[in-house]
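Participant: What follows is run-v2.cif, mmCIF, C-alpha atoms and all ligand atoms.
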```cif
data_work
#
loop_
_atom_site.label_atom_id
_atom_site.label_comp_id
_atom_site.auth_asym_id
_atom_site.auth_seq_id
_atom_site.Cartn_x
_atom_site.Cartn_y
_atom_site.Cartn_z
CA MET A 1327 2.27 -17.11 33.55
CA ALA A 1328 3.86 -13.65 33.75
CA MET A 1329 2.05 -10.98 31.72
CA ASN A 1330 5.13 -10.04 29.71
CA GLU A 1331 6.00 -13.59 28.72
CA ARG A 1332 5.45 -14.39 25.09
CA SER A 1333 2.75 -16.84 24.09
CA ALA A 1334 2.46 -18.75 20.86
CA ILE A 1335 -0.98 -17.32 20.12
CA TRP A 1336 0.12 -13.67 20.59
CA PRO A 1337 3.92 -13.58 20.51
CA TRP A 1338 4.36 -9.97 21.62
CA LYS A 1339 6.69 -9.11 24.49
CA GLY A 1340 4.46 -6.76 26.46
CA ASP A 1341 3.75 -4.00 23.96
CA VAL A 1342 6.68 -4.90 21.68
CA PRO A 1343 5.49 -6.59 18.48
CA PRO A 1344 7.29 -9.66 17.11
CA HIS A 1345 7.93 -8.15 13.67
CA LEU A 1346 7.69 -4.36 13.44
CA PRO A 1347 10.11 -1.84 14.90
CA ARG A 1348 8.28 0.50 17.26
CA PRO A 1349 8.87 4.19 18.05
CA ASP A 1350 8.14 5.51 21.56
CA ASN A 1351 5.34 7.67 20.18
CA MET A 1352 3.31 5.93 17.49
CA PRO A 1353 1.92 8.25 14.80
CA LYS A 1354 -1.81 7.72 14.22
CA ALA A 1355 -1.27 7.48 10.45
CA PHE A 1356 1.15 5.37 8.40
CA LEU A 1357 2.19 5.22 4.75
CA LEU A 1358 2.85 1.70 3.49
CA PRO A 1359 5.21 1.24 0.52
CA GLY A 1360 6.22 -2.29 -0.40
CA ASP A 1361 9.91 -1.54 -0.85
CA PRO A 1362 12.02 -0.93 2.32
CA GLY A 1363 14.32 1.20 0.17
CA ARG A 1364 11.54 3.74 -0.27
CA VAL A 1365 11.12 4.44 3.45
CA ASP A 1366 14.19 6.68 3.55
CA LYS A 1367 12.76 8.69 0.68
CA ALA A 1368 10.07 10.00 3.03
CA ALA A 1369 12.79 12.35 4.35
CA GLU A 1370 12.15 14.36 1.16
CA VAL A 1371 8.49 15.02 2.07
CA LEU A 1372 8.31 14.84 5.89
CA ASP A 1373 9.91 17.19 8.43
CA ASP A 1374 12.04 15.95 11.35
CA PHE A 1375 12.30 12.55 9.66
CA ARG A 1376 14.15 9.72 11.37
CA ILE A 1377 14.45 6.01 10.83
CA VAL A 1378 13.03 3.98 13.73
CA GLY A 1379 14.58 0.66 12.70
CA GLN A 1380 14.28 -2.36 10.46
CA ASN A 1381 13.47 -6.03 11.02
CA ARG A 1382 13.31 -8.33 7.96
CA GLU A 1383 11.42 -6.40 5.21
CA PHE A 1384 9.81 -4.06 7.72
CA ARG A 1385 11.67 -0.72 7.74
CA MET A 1386 10.03 2.09 9.70
CA GLY A 1387 10.51 5.85 9.84
CA VAL A 1388 8.60 8.72 11.45
CA GLY A 1389 8.33 12.44 10.68
CA THR A 1390 5.79 15.23 10.61
CA LEU A 1391 3.79 17.12 8.02
CA ASP A 1392 2.26 20.45 9.05
CA GLY A 1393 2.96 19.45 12.65
CA VAL A 1394 1.12 16.11 12.38
CA ALA A 1395 3.09 12.92 13.07
CA VAL A 1396 3.14 10.55 10.07
CA GLY A 1397 4.86 7.16 10.03
CA ILE A 1398 6.04 5.05 7.12
CA CYS A 1399 6.60 1.29 7.22
CA SER A 1400 7.47 -1.01 4.32
CA THR A 1401 5.30 -4.07 3.91
CA GLY A 1402 7.62 -6.17 1.78
CA ILE A 1403 6.14 -7.88 -1.26
CA GLY A 1404 2.75 -9.58 -1.06
CA GLY A 1405 -0.16 -10.29 1.22
CA ALA A 1406 1.53 -12.40 3.91
CA SER A 1407 3.97 -9.73 5.10
CA THR A 1408 1.41 -6.96 4.55
CA GLU A 1409 -1.06 -8.73 6.86
CA ILE A 1410 1.60 -8.66 9.59
CA VAL A 1411 2.05 -4.92 9.16
CA MET A 1412 -1.69 -4.24 9.30
CA VAL A 1413 -2.32 -6.39 12.39
CA GLU A 1414 0.67 -5.07 14.33
CA LEU A 1415 0.02 -1.41 13.44
CA ALA A 1416 -3.64 -1.75 14.41
CA ALA A 1417 -2.67 -3.32 17.75
CA LEU A 1418 -0.25 -0.41 18.31
CA GLY A 1419 -3.12 2.06 17.94
CA VAL A 1420 -2.62 3.23 14.35
CA GLU A 1421 -5.89 4.50 12.87
CA VAL A 1422 -5.03 5.43 9.27
CA ALA A 1423 -3.13 3.19 6.82
CA ILE A 1424 -2.37 4.25 3.24
CA ARG A 1425 -0.54 2.01 0.80
CA THR A 1426 1.76 4.03 -1.49
CA GLY A 1427 3.04 1.73 -4.21
CA GLY A 1428 3.45 0.98 -7.88
CA MET A 1429 1.25 -0.99 -10.27
CA GLY A 1430 0.90 -2.22 -13.82
CA ALA A 1431 -1.96 -0.34 -15.55
CA LEU A 1432 -4.71 -2.28 -17.31
CA ALA A 1433 -6.72 0.75 -18.52
CA LYS A 1434 -6.09 2.67 -21.75
CA ASN A 1435 -6.80 6.03 -20.11
CA LEU A 1436 -4.06 5.66 -17.49
CA ALA A 1437 -0.55 6.68 -18.54
CA LEU A 1438 2.90 5.94 -17.11
CA GLY A 1439 3.39 8.15 -14.05
CA ASP A 1440 -0.36 8.62 -13.40
CA PHE A 1441 -1.79 7.98 -9.92
CA LEU A 1442 -4.72 5.63 -9.31
CA VAL A 1443 -6.47 6.41 -6.02
CA VAL A 1444 -7.89 3.01 -5.11
CA ALA A 1445 -11.60 3.06 -4.30
CA GLU A 1446 -12.00 -0.73 -4.55
CA ALA A 1447 -9.93 -3.88 -4.97
CA VAL A 1448 -11.56 -6.73 -6.92
CA ARG A 1449 -11.43 -9.98 -4.96
CA ASN A 1450 -8.34 -11.85 -6.11
CA SER A 1451 -5.74 -12.50 -3.44
CA GLY A 1452 -5.31 -15.11 -0.73
CA VAL A 1453 -4.80 -13.46 2.65
CA ALA A 1454 -7.71 -11.05 2.17
CA THR A 1455 -10.09 -14.03 2.36
CA PHE A 1456 -9.39 -14.13 6.11
CA TYR A 1457 -10.57 -10.52 6.50
CA ALA A 1458 -13.50 -10.20 4.06
CA GLU A 1459 -16.27 -12.74 3.50
CA PRO A 1460 -16.49 -14.48 0.11
CA GLY A 1461 -18.37 -12.13 -2.22
CA GLU A 1462 -17.92 -9.14 0.08
CA ARG A 1463 -16.62 -6.05 -1.74
CA VAL A 1464 -13.24 -4.76 -0.60
CA LEU A 1465 -13.55 -0.98 -0.46
CA ALA A 1466 -11.23 1.79 0.62
CA ASP A 1467 -12.44 4.17 3.32
CA THR A 1468 -14.40 6.80 1.39
CA GLY A 1469 -12.92 9.66 3.44
CA ILE A 1470 -9.38 8.50 2.63
CA VAL A 1471 -10.27 8.21 -1.08
CA ALA A 1472 -11.55 11.79 -1.04
CA LEU A 1473 -8.46 13.10 0.80
CA LEU A 1474 -6.07 11.26 -1.53
CA ASP A 1475 -7.81 12.47 -4.66
CA ALA A 1476 -8.05 16.06 -3.36
CA SER A 1477 -4.33 16.02 -2.46
CA ARG A 1478 -3.52 14.62 -5.91
CA GLY A 1479 -5.50 17.46 -7.52
CA GLU A 1480 -3.90 20.16 -5.32
CA LEU A 1481 -0.45 18.91 -6.26
CA GLY A 1482 -1.42 18.99 -9.94
CA LEU A 1483 -0.69 15.28 -10.37
CA PRO A 1484 -2.42 13.26 -13.11
CA GLY A 1485 -4.77 10.40 -12.19
CA ARG A 1486 -8.16 9.58 -10.73
CA PRO A 1487 -9.98 7.19 -8.38
CA GLY A 1488 -10.50 3.64 -9.64
CA THR A 1489 -10.27 -0.09 -9.06
CA CYS A 1490 -7.23 -2.31 -8.69
CA ALA A 1491 -6.54 -6.03 -8.51
CA THR A 1492 -4.03 -7.53 -6.09
CA ALA A 1493 -2.16 -10.62 -7.27
CA ASP A 1494 -0.42 -13.29 -5.20
CA GLY A 1495 2.59 -13.26 -7.54
CA TYR A 1496 4.51 -11.04 -9.94
CA TYR A 1497 5.14 -13.29 -12.94
CA ARG A 1498 2.53 -15.97 -13.74
CA ALA A 1499 -0.09 -14.43 -11.42
CA GLN A 1500 0.16 -11.18 -13.39
CA GLY A 1501 0.09 -12.87 -16.80
CA ARG A 1502 3.85 -12.49 -17.28
CA PRO A 1503 6.06 -15.19 -18.78
CA ASP A 1504 8.53 -16.84 -16.43
CA ARG A 1505 11.43 -16.60 -18.88
CA PRO A 1506 12.59 -13.75 -21.16
CA HIS A 1507 11.02 -14.94 -24.40
CA GLY A 1508 7.87 -16.60 -23.12
CA ASN A 1509 4.32 -15.35 -23.70
CA GLY A 1510 2.82 -15.76 -20.24
CA THR A 1511 -0.97 -15.93 -19.91
CA PRO A 1512 -2.25 -12.41 -20.68
CA ALA A 1513 -5.83 -13.74 -20.47
CA ILE A 1514 -5.43 -13.42 -16.69
CA LEU A 1515 -5.25 -9.65 -17.14
CA ASP A 1516 -8.24 -9.61 -19.51
CA GLN A 1517 -10.30 -11.49 -16.92
CA LEU A 1518 -9.34 -9.06 -14.15
CA ALA A 1519 -10.01 -6.06 -16.42
CA ALA A 1520 -13.43 -7.52 -17.28
CA ARG A 1521 -14.16 -7.51 -13.53
CA GLY A 1522 -13.26 -3.82 -13.37
CA ALA A 1523 -9.56 -3.85 -12.50
CA GLU A 1524 -7.63 -0.89 -13.93
CA GLY A 1525 -4.28 -1.81 -12.42
CA ILE A 1526 -2.52 -4.77 -10.84
CA GLU A 1527 -0.11 -4.95 -7.90
CA MET A 1528 0.45 -7.12 -4.84
CA GLU A 1529 -0.73 -5.56 -1.54
CA ALA A 1530 -3.69 -3.16 -1.78
CA GLU A 1531 -6.47 -5.72 -1.30
CA ILE A 1532 -5.10 -6.89 2.05
CA VAL A 1533 -4.50 -3.31 3.22
CA LEU A 1534 -8.15 -2.44 2.51
CA ALA A 1535 -9.67 -5.71 3.75
CA ALA A 1536 -7.63 -5.95 6.95
CA GLY A 1537 -7.90 -2.21 7.55
CA HIS A 1538 -11.69 -2.39 7.45
CA ALA A 1539 -11.84 -5.56 9.57
CA LEU A 1540 -9.47 -4.07 12.16
CA GLY A 1541 -11.34 -0.76 12.45
CA MET A 1542 -8.76 1.38 10.66
CA ARG A 1543 -9.35 3.92 7.89
CA ALA A 1544 -7.44 2.37 5.01
CA GLY A 1545 -6.68 3.42 1.46
CA ALA A 1546 -4.14 3.09 -1.30
CA VAL A 1547 -2.65 5.23 -4.04
CA LEU A 1548 -0.76 3.48 -6.83
CA ALA A 1549 1.61 5.03 -9.37
CA VAL A 1550 1.58 3.59 -12.89
CA HIS A 1551 5.07 2.08 -13.08
CA ALA A 1552 4.27 -0.36 -15.90
CA HIS A 1553 1.60 -0.36 -18.60
CA ARG A 1554 0.43 -3.82 -19.52
CA LEU A 1555 -1.52 -2.74 -22.64
CA SER A 1556 1.29 -0.75 -24.29
CA ASP A 1557 4.05 -2.80 -22.60
CA GLY A 1558 5.50 0.50 -21.33
CA TRP A 1559 7.83 0.79 -18.32
CA LEU A 1560 8.59 4.02 -16.42
CA GLU A 1561 12.39 4.01 -16.15
CA ASP A 1562 12.80 7.40 -14.45
CA TYR A 1563 10.66 6.60 -11.41
CA ASP A 1564 12.24 8.89 -8.81
CA LYS A 1565 10.00 11.97 -9.08
CA THR A 1566 6.89 9.78 -9.31
CA GLN A 1567 7.90 8.06 -6.07
CA ARG A 1568 8.45 11.38 -4.32
CA ASP A 1569 5.07 12.70 -5.53
CA LEU A 1570 3.42 9.47 -4.39
CA LEU A 1571 4.81 9.88 -0.86
CA ARG A 1572 3.95 13.59 -0.82
CA LEU A 1573 0.31 13.05 -1.75
CA GLY A 1574 0.01 10.07 0.60
CA ALA A 1575 1.48 12.11 3.46
CA MET A 1576 -0.85 15.06 2.79
CA ALA A 1577 -3.89 12.78 2.95
CA ALA A 1578 -2.57 10.94 6.02
CA ALA A 1579 -1.93 14.14 7.99
CA ARG A 1580 -5.31 15.57 7.03
CA ALA A 1581 -7.06 12.34 8.01
CA VAL A 1582 -5.55 12.58 11.51
CA VAL A 1583 -6.68 16.17 12.11
CA GLY A 1584 -10.03 15.72 10.36
CA ARG A 1585 -9.49 18.18 7.49
O1 LIG B 1601 5.78 -0.38 -5.55
P1 LIG B 1601 5.74 -1.35 -4.40
O2 LIG B 1601 5.06 -0.78 -3.21
O3 LIG B 1601 7.13 -1.86 -4.06
O4 LIG B 1601 4.84 -2.59 -4.86
C1 LIG B 1601 4.86 -3.23 -6.11
O5 LIG B 1601 6.16 -3.64 -6.49
C2 LIG B 1601 6.39 -4.99 -6.06
C3 LIG B 1601 6.74 -5.85 -7.26
O6 LIG B 1601 7.88 -5.40 -7.89
C4 LIG B 1601 5.10 -5.46 -5.40
O7 LIG B 1601 5.22 -5.31 -4.01
C5 LIG B 1601 4.09 -4.54 -6.02
O8 LIG B 1601 2.88 -4.41 -5.33
O1 LIG B 1602 3.52 -4.58 -13.17
C1 LIG B 1602 3.65 -4.31 -11.97
C2 LIG B 1602 4.22 -3.09 -11.56
C3 LIG B 1602 4.36 -2.87 -10.22
N1 LIG B 1602 3.95 -3.79 -9.34
C4 LIG B 1602 3.39 -4.96 -9.73
O2 LIG B 1602 3.03 -5.80 -8.91
N2 LIG B 1602 3.23 -5.18 -11.04
#
```
Hey, can you dump this file as structure tokens for me?
Facilitator:
Amino acid sequence: MAMNERSAIWPWKGDVPPHLPRPDNMPKAFLLPGDPGRVDKAAEVLDDFRIVGQNREFRMGVGTLDGVAVGICSTGIGGASTEIVMVELAALGVEVAIRTGGMGALAKNLALGDFLVVAEAVRNSGVATFYAEPGERVLADTGIVALLDASRGELGLPGRPGTCATADGYYRAQGRPDRPHGNGTPAILDQLAARGAEGIEMEAEIVLAAGHALGMRAGAVLAVHAHRLSDGWLEDYDKTQRDLLRLGAMAAARAVVGR
């Protein structure tokens, strides 16, 4: 069988992955928002930014910060598509992966627009079970946590390190009702909070678990978009998104050069 022929077990064509677009020169560090629409926003925080391409929910761009190449690739929503991003980026030689996304806060002392630098994800989501043993803690790389929190502080942005939970759904799995006037099952959130979760979203656990298993330095920083205790919702999200990308990019570039 010719080397470049695809196989079912590893359906790459040579060094071209089956899902992700691929630039000629891969940055060593990538930011990972869920939403493809947010990739273009990296032009506001990176120099020489260009879009590499898009396939399905995976939109990729590359740029530089302080002369260091930084990539950004959307994961889509949830663990299944995020696993694809992590595996294909790792196989392409990426060493640093930082999720930059939104969450619903579960802690009283987090406010709308604050930034939670994820130190740990409580075990809760499906795909991560293939990358971390049952009972194994899912931790962010401590160096990435430190760089993210230092960047947050330098930028004067509110927040702190903490723990998140990753859910396999947005409505019932996050205690929401599935119709406008329902009650949902908020006890789900109480149970996650009792296990230490201070926010809930849909991708961080797989980024941390797969990142660790695949030998990458992985982390996540999550903006408080919703507050599940006060039922608050941040309507004007644009500046928060820009700040999220800026602090993620600062930490990513510093991680590459070892600062
Ligand atoms: O803010 P982003 O990265 O899009 O992620 C959050 O938003 C989506 C749900 O609306 C989920 O993907 C959740 O994790
Ligand atoms: O409540 C929220 C907000 C953002 N992302 C989520 O998954 N849940």
Participant: Taking all atoms listed in the file into account, which residues have an atom no farther than 10 Å from ligand LIG 1601 (chain B)? I'd like them as number ranges by chain.
Facilitator: A: 1358-1364, 1400-1405, 1408, 1425-1430, 1492-1497, 1526-1530, 1547-1551, 1567
Participant: Using all atoms listed in the file, which protein or nucleic acid residues come within 12 Å of Leu1473 in chain A? Drop anything in the same chain fewer than 6 positions from it, and give the result as a PDB file with C-alpha atoms, keeping the file's coordinate frame.
Facilitator:
```pdb
ATOM      1  CA  VAL A1422      -5.030   5.430   9.270  1.00  0.00           C
ATOM      2  CA  ILE A1424      -2.370   4.250   3.240  1.00  0.00           C
ATOM      3  CA  VAL A1443      -6.470   6.410  -6.020  1.00  0.00           C
ATOM      4  CA  VAL A1444      -7.890   3.010  -5.110  1.00  0.00           C
ATOM      5  CA  ALA A1445     -11.600   3.060  -4.300  1.00  0.00           C
ATOM      6  CA  ALA A1466     -11.230   1.790   0.620  1.00  0.00           C
ATOM      7  CA  ASP A1467     -12.440   4.170   3.320  1.00  0.00           C
ATOM      8  CA  GLY A1479      -5.500  17.460  -7.520  1.00  0.00           C
ATOM      9  CA  GLU A1480      -3.900  20.160  -5.320  1.00  0.00           C
ATOM     10  CA  PRO A1487      -9.980   7.190  -8.380  1.00  0.00           C
ATOM     11  CA  ARG A1543      -9.350   3.920   7.890  1.00  0.00           C
ATOM     12  CA  ALA A1544      -7.440   2.370   5.010  1.00  0.00           C
ATOM     13  CA  GLY A1545      -6.680   3.420   1.460  1.00  0.00           C
ATOM     14  CA  ALA A1546      -4.140   3.090  -1.300  1.00  0.00           C
ATOM     15  CA  VAL A1547      -2.650   5.230  -4.040  1.00  0.00           C
ATOM     16  CA  LEU A1573       0.310  13.050  -1.750  1.00  0.00           C
ATOM     17  CA  GLY A1574       0.010  10.070   0.600  1.00  0.00           C
ATOM     18  CA  ALA A1575       1.480  12.110   3.460  1.00  0.00           C
ATOM     19  CA  MET A1576      -0.850  15.060   2.790  1.00  0.00           C
ATOM     20  CA  ALA A1577      -3.890  12.780   2.950  1.00  0.00           C
ATOM     21  CA  ALA A1578      -2.570  10.940   6.020  1.00  0.00           C
ATOM     22  CA  ALA A1579      -1.930  14.140   7.990  1.00  0.00           C
ATOM     23  CA  ARG A1580      -5.310  15.570   7.030  1.00  0.00           C
ATOM     24  CA  ALA A1581      -7.060  12.340   8.010  1.00  0.00           C
ATOM     25  CA  VAL A1582      -5.550  12.580  11.510  1.00  0.00           C
ATOM     26  CA  VAL A1583      -6.680  16.170  12.110  1.00  0.00           C
ATOM     27  CA  GLY A1584     -10.030  15.720  10.360  1.00  0.00           C
ATOM     28  CA  ARG A1585      -9.490  18.180   7.490  1.00  0.00           C
TER      29      ARG A1585
END
```
Participant: What gap, in Å, lies between CA of Asp1392 in chain A and CA of Leu1418 in chain A?
Facilitator: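 Interatomic distance, CA of Asp1392 in chain A to CA of Leu1418 in chain A: 23.0 Å.
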Participant: Kindly indicate which residue among A:Arg1463, A:Trp1559, A:Leu1570, A:Asp1475 lies nearest to Ala1535 in chain A, using all atoms listed in the file for the distances.
Facilitator: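 Result for the nearest residue to Ala1535 in chain A: A:Arg1463.
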Participant: Rank A:Ala1552, A:Val1394, A:Ala1406, A:Ala1499 by their smallest atom-to-atom distance to Asp1374 in chain A, using only C-alpha atoms, and report the top residue only.
Facilitator: A:Val1394
Participant: Determine the nearest neighbour of ligand LIG 1602 (chain B) from the options A:Gly1522, A:Pro1349, A:Gly1439, A:Gly1340, counting all atoms listed in the file.
Facilitator: A:Gly1439
Participant: Nearest to Asp1562 in chain A: which of A:Gly1419, A:Leu1438, A:Arg1502, A:Ala1520 is it, counting only C-alpha atoms?
Facilitator: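 Ranked by minimum distance to Asp1562 in chain A, first place goes to A:Leu1438.
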Participant: Taking all atoms listed in the file into account, name the residue in A:Gly1537, A:Gly1501, A:Gly1508, A:Gly1485 that is nearest to ligand LIG 1602 (chain B).
Facilitator: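 Closest to ligand LIG 1602 (chain B) of all the choices is A:Gly1501.
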Participant: Which polymer residues have any atom within 12 Å of an atom of Leu1518 in chain A, counting all atoms listed in the file, with same-chain residues fewer than 3 positions away left out, as a PyMOL selection string?
Facilitator: chain A and resi 1431-1433+1447-1451+1489-1493+1499-1501+1512-1515+1521-1527
Participant: What does the distance between CA of Thr1390 in chain A and CA of Leu1465 in chain A come to in Å, to one decimal place?
Facilitator: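 Straight-line distance from CA of Thr1390 in chain A to CA of Leu1465 in chain A works out to 27.6 Å.
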Participant: Select, from A:His1538, A:Gly1397, A:Phe1356, A:Met1386, the residue with the minimum atom-to-atom distance to Asp1373 in chain A, counting all atoms listed in the file.
Facilitator: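 Residue with the minimum atom-to-atom distance to Asp1373 in chain A: A:Gly1397.
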Participant: For Pro1343 in chain A, please output as a PyMOL selection string all residues within 10 Å (counting all atoms listed in the file; exclusion window: fewer than 4 positions along the same chain).
Facilitator: chain A and resi 1336-1339+1347-1348+1410+1413-1415+1417-1418
Participant: Produce the centre coordinates and the three edge lengths, each in Å to one decimal, of the box along x, y and z that contains all listed atoms of ligand LIG 1602 (chain B) with 5 Å added on each side, as JSON.
Facilitator:
```
{"center_x": 3.7, "center_y": -4.3, "center_z": -11.0, "size_x": 11.3, "size_y": 12.9, "size_z": 14.3}
```
